[in-house]
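Structure data (CSV, C-alpha atoms and all ligand atoms) from final_2.csv:
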```
chain,number,residue,atom,x,y,z
A,858,MET,CA,0.0,0.0,0.0
A,859,ILE,CA,1.4,3.4,-0.9
A,860,LYS,CA,0.9,6.4,1.4
A,861,PHE,CA,-1.7,8.8,0.0
A,862,VAL,CA,-0.4,12.3,0.5
A,863,GLY,CA,-1.3,15.9,0.0
A,864,ARG,CA,-4.9,15.7,-1.0
A,865,GLY,CA,-6.9,16.3,2.2
A,866,GLN,CA,-8.3,19.6,1.0
A,867,THR,CA,-9.0,18.2,-2.5
A,868,LEU,CA,-11.0,15.2,-1.0
A,869,SER,CA,-13.3,17.6,0.9
A,870,SER,CA,-13.8,19.8,-2.1
A,871,LEU,CA,-14.6,16.8,-4.2
A,872,HIS,CA,-17.2,15.7,-1.7
A,873,GLN,CA,-18.7,19.1,-1.6
A,874,LYS,CA,-18.9,19.3,-5.4
A,875,LEU,CA,-20.7,15.9,-5.4
A,876,GLN,CA,-23.2,17.1,-2.9
A,877,GLU,CA,-24.0,20.1,-5.0
A,878,ARG,CA,-23.9,18.6,-8.4
A,879,GLU,CA,-24.7,15.2,-9.9
A,880,ARG,CA,-21.7,15.0,-12.2
A,881,VAL,CA,-18.1,15.8,-11.4
A,882,ALA,CA,-15.1,15.2,-13.6
A,883,ILE,CA,-11.5,15.1,-12.3
A,884,PHE,CA,-9.0,16.3,-14.9
A,885,ALA,CA,-5.5,17.7,-15.0
A,886,ILE,CA,-4.2,20.7,-17.0
A,887,ALA,CA,-3.1,19.8,-20.5
A,888,GLY,CA,-4.4,16.3,-20.1
A,889,MET,CA,-1.4,15.3,-18.0
A,890,GLY,CA,-1.2,11.6,-17.0
A,891,GLY,CA,0.1,10.5,-13.6
A,892,VAL,CA,-1.2,13.5,-11.6
A,893,GLY,CA,-3.3,11.2,-9.5
A,894,LYS,CA,-6.8,11.4,-10.9
A,895,THR,CA,-7.5,7.7,-10.5
A,896,GLU,CA,-5.9,7.6,-7.1
A,897,LEU,CA,-8.0,10.5,-5.9
A,898,ALA,CA,-11.2,8.8,-7.1
A,899,LEU,CA,-10.1,5.6,-5.4
A,900,GLN,CA,-9.2,7.1,-2.1
A,901,TYR,CA,-12.5,9.1,-2.1
A,902,SER,CA,-14.4,5.8,-2.8
A,903,LEU,CA,-12.6,3.9,0.0
A,904,TYR,CA,-13.1,6.7,2.5
A,905,HIS,CA,-16.8,6.9,1.9
A,906,GLN,CA,-17.2,3.1,1.7
A,907,GLN,CA,-15.9,2.9,5.2
A,908,ARG,CA,-18.2,5.6,6.4
A,909,LYS,CA,-21.2,4.1,4.4
A,910,THR,CA,-21.9,7.6,3.0
A,911,TYR,CA,-23.5,6.1,-0.1
A,912,ALA,CA,-26.3,3.9,1.0
A,913,GLY,CA,-27.1,2.9,-2.6
A,914,GLY,CA,-23.5,1.6,-3.0
A,915,ILE,CA,-20.3,2.6,-4.8
A,916,CYS,CA,-19.9,1.2,-8.4
A,917,TRP,CA,-16.5,1.4,-10.0
A,918,LEU,CA,-16.4,1.2,-13.7
A,919,GLN,CA,-13.3,1.0,-15.9
A,920,ALA,CA,-14.2,3.1,-19.0
A,921,GLY,CA,-11.4,1.8,-21.2
A,922,GLU,CA,-12.1,-1.9,-20.7
A,923,VAL,CA,-15.0,-4.3,-21.0
A,924,ASP,CA,-18.1,-2.6,-22.4
A,925,ILE,CA,-19.5,-0.3,-19.8
A,926,GLY,CA,-23.0,-1.6,-20.1
A,927,THR,CA,-21.9,-5.1,-19.4
A,928,GLN,CA,-19.9,-3.9,-16.3
A,929,ILE,CA,-23.1,-2.1,-15.0
A,930,VAL,CA,-25.3,-5.2,-15.5
A,931,ASN,CA,-22.7,-7.5,-13.9
A,932,PHE,CA,-22.4,-5.2,-10.9
A,933,ALA,CA,-26.2,-5.1,-10.5
A,934,ARG,CA,-26.5,-8.9,-10.8
A,935,ILE,CA,-23.8,-9.7,-8.3
A,936,GLN,CA,-24.0,-6.8,-5.8
A,937,LEU,CA,-27.7,-5.9,-5.9
A,938,ASP,CA,-29.2,-9.3,-6.9
A,939,LEU,CA,-31.0,-7.8,-9.9
A,940,GLN,CA,-32.0,-9.9,-12.8
A,941,PRO,CA,-32.5,-8.0,-16.0
A,942,PRO,CA,-33.9,-10.3,-18.7
A,943,ASP,CA,-31.1,-11.8,-20.7
A,944,ASP,CA,-32.9,-11.5,-24.0
A,945,TRP,CA,-33.2,-7.7,-23.8
A,946,ASP,CA,-30.7,-5.6,-25.5
A,947,LEU,CA,-27.9,-4.2,-23.3
A,948,GLU,CA,-29.2,-0.6,-23.1
A,949,LYS,CA,-32.6,-1.8,-21.9
A,950,GLN,CA,-31.0,-4.1,-19.3
A,951,VAL,CA,-28.9,-1.3,-18.0
A,952,SER,CA,-31.9,1.0,-17.6
A,953,TYR,CA,-33.8,-1.8,-15.9
A,954,CYS,CA,-30.9,-1.9,-13.4
A,955,TRP,CA,-30.9,1.9,-12.8
A,956,ARG,CA,-34.7,1.8,-12.2
A,957,ARG,CA,-34.4,-0.9,-9.5
A,958,TRP,CA,-31.1,0.2,-8.0
A,959,ARG,CA,-30.8,0.0,-4.2
A,960,GLU,CA,-32.3,3.0,-2.4
A,961,GLY,CA,-30.2,5.9,-1.2
A,962,GLU,CA,-27.4,7.9,-2.8
A,963,VAL,CA,-25.2,6.0,-5.3
A,964,LEU,CA,-21.6,6.8,-6.3
A,965,ILE,CA,-20.8,5.7,-9.9
A,966,VAL,CA,-17.1,6.1,-10.7
A,967,LEU,CA,-16.1,6.0,-14.4
A,968,ASP,CA,-12.3,5.8,-14.5
A,969,ASP,CA,-10.3,7.0,-17.5
A,970,VAL,CA,-13.0,8.2,-19.9
A,971,ARG,CA,-11.8,8.8,-23.4
A,972,ASP,CA,-14.9,8.7,-25.6
A,973,TYR,CA,-17.6,10.1,-23.5
A,974,GLN,CA,-20.2,9.8,-26.3
A,975,ASP,CA,-19.9,6.0,-26.3
A,976,LEU,CA,-20.8,5.9,-22.7
A,977,GLU,CA,-23.6,8.4,-22.5
A,978,SER,CA,-26.5,6.0,-23.3
A,979,TYR,CA,-25.5,3.8,-20.3
A,980,LEU,CA,-25.3,6.5,-17.7
A,981,PRO,CA,-27.7,6.7,-14.8
A,982,PRO,CA,-30.9,8.8,-15.1
A,983,ALA,CA,-30.7,12.4,-14.1
A,984,GLU,CA,-31.9,11.9,-10.5
A,985,SER,CA,-30.1,13.7,-7.8
A,986,ARG,CA,-29.3,10.4,-5.9
A,987,PHE,CA,-27.1,9.2,-8.7
A,988,LYS,CA,-23.7,10.8,-8.3
A,989,LEU,CA,-21.3,10.4,-11.2
A,990,LEU,CA,-17.6,10.8,-10.8
A,991,ILE,CA,-15.4,10.7,-13.9
A,992,THR,CA,-11.6,10.7,-14.3
A,993,THR,CA,-10.3,11.8,-17.7
A,994,ARG,CA,-7.4,13.2,-19.6
A,995,ARG,CA,-9.9,15.1,-21.7
A,996,GLN,CA,-10.5,18.8,-20.9
A,997,TRP,CA,-14.1,19.2,-21.5
A,998,LEU,CA,-17.0,16.8,-21.1
A,999,GLY,CA,-19.9,19.2,-21.4
A,1000,GLU,CA,-21.9,21.6,-19.4
A,1001,SER,CA,-23.4,19.0,-17.1
A,1002,PHE,CA,-20.1,18.4,-15.5
A,1003,GLU,CA,-18.6,20.3,-12.6
A,1004,GLN,CA,-14.8,20.2,-13.1
A,1005,LEU,CA,-12.2,19.4,-10.5
A,1006,ASN,CA,-8.9,20.5,-11.8
A,1007,LEU,CA,-6.1,18.4,-10.1
A,1008,GLU,CA,-2.7,20.0,-9.7
A,1009,VAL,CA,0.6,18.3,-9.1
A,1010,LEU,CA,1.6,17.8,-5.4
A,1011,SER,CA,3.1,20.6,-3.2
A,1012,GLU,CA,6.7,20.3,-2.3
A,1013,ALA,CA,5.8,19.2,1.2
A,1014,ALA,CA,3.5,16.5,0.0
A,1015,SER,CA,6.2,15.4,-2.5
A,1016,LEU,CA,8.7,15.0,0.2
A,1017,GLU,CA,6.2,13.2,2.4
A,1018,LEU,CA,5.8,10.7,-0.5
A,1019,LEU,CA,9.5,10.2,-0.8
A,1020,VAL,CA,9.9,9.7,2.9
A,1021,SER,CA,7.2,7.0,2.8
A,1022,PHE,CA,9.5,5.0,0.6
A,1023,VAL,CA,13.0,5.7,1.9
A,1024,GLY,CA,12.4,6.9,5.5
A,1025,GLU,CA,12.8,10.2,7.2
A,1026,ALA,CA,16.5,9.9,8.0
A,1027,ARG,CA,17.7,9.5,4.5
A,1028,ILE,CA,15.6,12.5,3.2
A,1029,ASP,CA,16.7,14.7,6.2
A,1030,ARG,CA,20.3,13.9,5.5
A,1031,GLU,CA,20.0,15.3,2.0
A,1032,ILE,CA,17.1,17.7,2.3
A,1033,ASN,CA,18.2,20.1,-0.4
A,1034,GLU,CA,18.9,17.3,-2.9
A,1035,ALA,CA,15.5,15.8,-2.1
A,1036,LYS,CA,13.8,19.1,-2.8
A,1037,GLN,CA,15.7,19.5,-6.0
A,1038,LEU,CA,14.7,15.9,-7.0
A,1039,CYS,CA,11.0,16.7,-6.3
A,1040,GLY,CA,11.3,19.7,-8.5
A,1041,ASP,CA,13.0,17.8,-11.3
A,1042,LEU,CA,10.2,15.3,-11.2
A,1043,GLY,CA,7.7,18.1,-11.6
A,1044,TYR,CA,6.0,17.2,-8.3
A,1045,LEU,CA,4.2,14.5,-10.3
A,1046,PRO,CA,3.0,11.6,-8.1
A,1047,LEU,CA,3.8,9.0,-10.8
A,1048,GLY,CA,7.5,10.1,-11.1
A,1049,LEU,CA,7.9,10.5,-7.3
A,1050,GLU,CA,6.6,7.0,-6.8
A,1051,LEU,CA,8.9,5.4,-9.3
A,1052,VAL,CA,11.9,7.2,-8.0
A,1053,GLY,CA,10.8,6.4,-4.4
A,1054,ARG,CA,10.6,2.7,-5.2
A,1055,TYR,CA,14.0,2.8,-6.9
A,1056,LEU,CA,15.7,4.5,-4.0
A,1057,LYS,CA,14.2,2.1,-1.6
A,1058,ARG,CA,15.8,-0.8,-3.5
A,1059,LYS,CA,19.1,1.0,-3.7
A,1060,GLN,CA,19.8,1.6,0.0
A,1061,ASP,CA,23.3,2.9,-0.7
A,1062,LEU,CA,22.5,5.4,-3.4
A,1063,SER,CA,22.7,9.0,-2.3
A,1064,LEU,CA,20.0,11.4,-3.6
A,1065,ALA,CA,22.7,13.5,-5.2
A,1066,GLN,CA,23.6,10.5,-7.4
A,1067,THR,CA,20.0,10.4,-8.8
A,1068,GLN,CA,20.2,13.8,-10.3
A,1069,CYS,CA,20.4,14.1,-14.0
A,1070,THR,CA,23.6,15.5,-15.3
A,1101,LIG,N1,-1.7,11.8,-3.6
A,1101,LIG,C1,-1.0,10.7,-3.9
A,1101,LIG,N2,-0.2,10.1,-2.9
A,1101,LIG,C2,0.5,9.1,-3.2
A,1101,LIG,N3,0.6,8.5,-4.4
A,1101,LIG,C3,-0.2,9.0,-5.4
A,1101,LIG,C4,-1.0,10.1,-5.2
A,1101,LIG,N4,-1.6,10.4,-6.3
A,1101,LIG,C5,-1.2,9.5,-7.2
A,1101,LIG,N5,-0.3,8.6,-6.7
A,1101,LIG,C6,0.3,7.5,-7.3
A,1101,LIG,O1,0.9,8.0,-8.6
A,1101,LIG,C7,0.6,7.1,-9.6
A,1101,LIG,C8,-0.2,7.8,-10.7
A,1101,LIG,O2,-1.5,8.1,-10.2
A,1101,LIG,P1,-2.8,7.9,-11.1
A,1101,LIG,O3,-2.8,6.6,-11.7
A,1101,LIG,O4,-3.9,8.2,-10.2
A,1101,LIG,O5,-2.7,9.0,-12.2
A,1101,LIG,P2,-3.8,9.5,-13.3
A,1101,LIG,O6,-3.9,10.9,-13.2
A,1101,LIG,O7,-5.0,8.7,-13.1
A,1101,LIG,O8,-3.0,9.1,-14.6
A,1101,LIG,P3,-3.6,8.6,-16.0
A,1101,LIG,O9,-4.0,9.9,-16.7
A,1101,LIG,O10,-2.5,7.9,-16.7
A,1101,LIG,O11,-4.8,7.7,-15.8
A,1101,LIG,C9,-0.2,5.9,-9.0
A,1101,LIG,O12,0.7,4.8,-8.8
A,1101,LIG,C10,-0.7,6.4,-7.7
A,1101,LIG,O13,-0.8,5.4,-6.8
A,1102,MG,MG,-6.0,7.3,-14.3
```
Will you turn the file into structure tokens for me?
Amino acid sequence: MIKFVGRGQTLSSLHQKLQERERVAIFAIAGMGGVGKTELALQYSLYHQQRKTYAGGICWLQAGEVDIGTQIVNFARIQLDLQPPDDWDLEKQVSYCWRRWREGEVLIVLDDVRDYQDLESYLPPAESRFKLLITTRRQWLGESFEQLNLEVLSEAASLELLVSFVGEARIDREINEAKQLCGDLGYLPLGLELVGRYLKRKQDLSLAQTQCT
């Protein structure tokens, strides 16, 4: 398990946006990958699963993979015990599931959306209890989405992430090099994590030695 850092404020603002609006999209400037969009959605889901915030359940869907309609129907069959008739076409089966979905607020996460148009016909009805959270590299999904623009980590959070891999002593010993390294990696979680894991394996390597020449 990696330590989740630097997003306390963002988690609460995400929750607030989902209270106010039915649809929220997490994206990053310039469609940047590795900023932590999926991780944020995941941590949000885990946090609220533990607290049972969403009485109607949390349904995680992988937009890039198996057809989204099939994922929804499978979830409804397994988790909610729904039985949409097999001989109906998929779109009809999906809307059968939405209509009979468990009571209470529902969080639907659609991770890594590329072609939003392909998914639209499977989305939940416009009822305020269905909350839709999307992560995407795309910039604009339409008016109905509230946007959450995810930034790279702060320097402090970046250091905290490195510390979680290599320990406090090693970072403190070379704090200036560590700060430089975070900057060189653009404070990007993906890069920090890779370098953190590398440093963890190479116990004898000094941080200064990792710097590009
Ligand atoms: N706040 C964080 N604390 C610790 N690790 C993080 C954090 N955010 C992201 N990471 C880690 O960084 C890596 C990249 O994050 P993630 O996959 O969420 O990026 P992404 O924005 O969804 O990228 P993509 O556009 O490629 O889908 C992951 O391994 C993730 O665990
Ligand atoms: Mg992602």
Separation of CA of Ser1015 in chain A from CA of Cys1039 in chain A in Å: 6.3 Å
Counting only C-alpha atoms and all ligand atoms, which residues of chain A fall within 8 Å of ligand LIG 1101 (chain A), and what is the closest atom pair for each with its distance in Å at one decimal, ordered by chain and rising number, as JSON lines?
```
{"residue": "A:Ile859", "atom": "CA", "partner": "A:LIG1101", "partner_atom": "C2", "distance": 6.2}
{"residue": "A:Lys860", "atom": "CA", "partner": "A:LIG1101", "partner_atom": "C2", "distance": 5.3}
{"residue": "A:Phe861", "atom": "CA", "partner": "A:LIG1101", "partner_atom": "N2", "distance": 3.5}
{"residue": "A:Val862", "atom": "CA", "partner": "A:LIG1101", "partner_atom": "N2", "distance": 4.1}
{"residue": "A:Gly863", "atom": "CA", "partner": "A:LIG1101", "partner_atom": "N1", "distance": 5.5}
{"residue": "A:Arg864", "atom": "CA", "partner": "A:LIG1101", "partner_atom": "N1", "distance": 5.7}
{"residue": "A:Phe884", "atom": "CA", "partner": "A:LIG1101", "partner_atom": "O6", "distance": 7.6}
{"residue": "A:Ala885", "atom": "CA", "partner": "A:LIG1101", "partner_atom": "O6", "distance": 7.2}
{"residue": "A:Gly888", "atom": "CA", "partner": "A:LIG1101", "partner_atom": "O9", "distance": 7.3}
{"residue": "A:Met889", "atom": "CA", "partner": "A:LIG1101", "partner_atom": "O9", "distance": 6.1}
{"residue": "A:Gly890", "atom": "CA", "partner": "A:LIG1101", "partner_atom": "O9", "distance": 3.3}
{"residue": "A:Gly891", "atom": "CA", "partner": "A:LIG1101", "partner_atom": "O5", "distance": 3.5}
{"residue": "A:Val892", "atom": "CA", "partner": "A:LIG1101", "partner_atom": "O6", "distance": 4.1}
{"residue": "A:Gly893", "atom": "CA", "partner": "A:LIG1101", "partner_atom": "O4", "distance": 3.1}
{"residue": "A:Lys894", "atom": "CA", "partner": "A:LIG1101", "partner_atom": "O6", "distance": 3.7}
{"residue": "A:Thr895", "atom": "CA", "partner": "A:LIG1101", "partner_atom": "O4", "distance": 3.6}
{"residue": "A:Glu896", "atom": "CA", "partner": "A:LIG1101", "partner_atom": "O4", "distance": 3.7}
{"residue": "A:Leu897", "atom": "CA", "partner": "A:LIG1101", "partner_atom": "O4", "distance": 6.4}
{"residue": "A:Ala898", "atom": "CA", "partner": "A:LIG1101", "partner_atom": "O4", "distance": 8.0}
{"residue": "A:Asp968", "atom": "CA", "partner": "A:LIG1101", "partner_atom": "O11", "distance": 7.8}
{"residue": "A:Asp969", "atom": "CA", "partner": "A:LIG1101", "partner_atom": "O11", "distance": 5.8}
{"residue": "A:Thr992", "atom": "CA", "partner": "A:LIG1101", "partner_atom": "O7", "distance": 7.0}
{"residue": "A:Thr993", "atom": "CA", "partner": "A:LIG1101", "partner_atom": "O9", "distance": 6.7}
{"residue": "A:Arg994", "atom": "CA", "partner": "A:LIG1101", "partner_atom": "O9", "distance": 5.6}
{"residue": "A:Leu1010", "atom": "CA", "partner": "A:LIG1101", "partner_atom": "N1", "distance": 7.1}
{"residue": "A:Ala1014", "atom": "CA", "partner": "A:LIG1101", "partner_atom": "N1", "distance": 7.9}
{"residue": "A:Leu1018", "atom": "CA", "partner": "A:LIG1101", "partner_atom": "C2", "distance": 6.2}
{"residue": "A:Leu1045", "atom": "CA", "partner": "A:LIG1101", "partner_atom": "O1", "distance": 7.5}
{"residue": "A:Pro1046", "atom": "CA", "partner": "A:LIG1101", "partner_atom": "O1", "distance": 4.2}
{"residue": "A:Leu1047", "atom": "CA", "partner": "A:LIG1101", "partner_atom": "O1", "distance": 3.8}
{"residue": "A:Gly1048", "atom": "CA", "partner": "A:LIG1101", "partner_atom": "O1", "distance": 7.4}
{"residue": "A:Leu1049", "atom": "CA", "partner": "A:LIG1101", "partner_atom": "O1", "distance": 7.5}
{"residue": "A:Glu1050", "atom": "CA", "partner": "A:LIG1101", "partner_atom": "O1", "distance": 6.1}
```
Long-range neighbours of Glu962 in chain A as a ChimeraX atom specification, 12 Å cut-off, only C-alpha atoms, 4 positions minimum in chain: /A:875-876,879,905,909-916,958,984-989
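Atom pair CA of Arg957 in chain A / CA of Ile925 in chain A: separated by 18.1 Å.
Atom pair CA of Asp943 in chain A / CA of Val966 in chain A has a distance of 24.8 Å (rounded to one decimal).
Closest approach to ligand MG 1102 (chain A) among A:Gln1004, A:Gln928, A:Gln919, A:Gln996 is made by A:Gln919 (distances from all atoms listed in the file).
Of the listed residues (A:Thr867, A:Asn1033, A:Ser952, A:Asn1006), A:Ser952 comes nearest to Thr927 in chain A; the distances count all atoms listed in the file.
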Residue among A:Leu1051, A:Ala1013, A:Val881, A:Val1023 lying closest to Lys1036 in chain A, counting only C-alpha atoms: A:Ala1013
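Of the residues under consideration (A:Leu1019, A:Val970, A:Glu1012, A:Leu1005), A:Leu1005 shows the shortest atom-to-atom contact distance to Gln873 in chain A when counting all atoms listed in the file.
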Which of A:Leu1007, A:Leu998, A:Ile1028, A:Leu964 sits closest to ligand MG 1102 (chain A) [using all atoms listed in the file]: A:Leu1007
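Residues in contact with range 933-939 of chain A at up to 7 Å, not including ones fewer than 2 positions away on its chain and judged by all atoms listed in the file, are A:Ile929, A:Val930, A:Asn931, A:Pro941, A:Cys954, A:Arg959.
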Just write the chosen residues, C-alpha atoms, as an mmCIF file, keeping the file's coordinate frame.
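Generated file (part_35.cif):
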```cif
data_model
loop_
_atom_site.group_PDB
_atom_site.id
_atom_site.type_symbol
_atom_site.label_atom_id
_atom_site.label_comp_id
_atom_site.auth_asym_id
_atom_site.auth_seq_id
_atom_site.Cartn_x
_atom_site.Cartn_y
_atom_site.Cartn_z
ATOM 1 C CA ILE A 929 -23.100 -2.100 -15.000
ATOM 2 C CA VAL A 930 -25.300 -5.200 -15.500
ATOM 3 C CA ASN A 931 -22.700 -7.500 -13.900
ATOM 4 C CA PRO A 941 -32.500 -8.000 -16.000
ATOM 5 C CA CYS A 954 -30.900 -1.900 -13.400
ATOM 6 C CA ARG A 959 -30.800 0.000 -4.200
#
```
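Candidate residues A:Trp917, A:Trp997, A:Tyr979, A:Phe1002 were compared for distance to Asp946 in chain A, and the nearest is A:Tyr979, using all atoms listed in the file.
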Sel. within 10 Å of pt (-28.8, 1.0, -24.9), counting all atoms listed in the file, output as an NGL selection string: :A and (926 or 945-952 or 976-980)
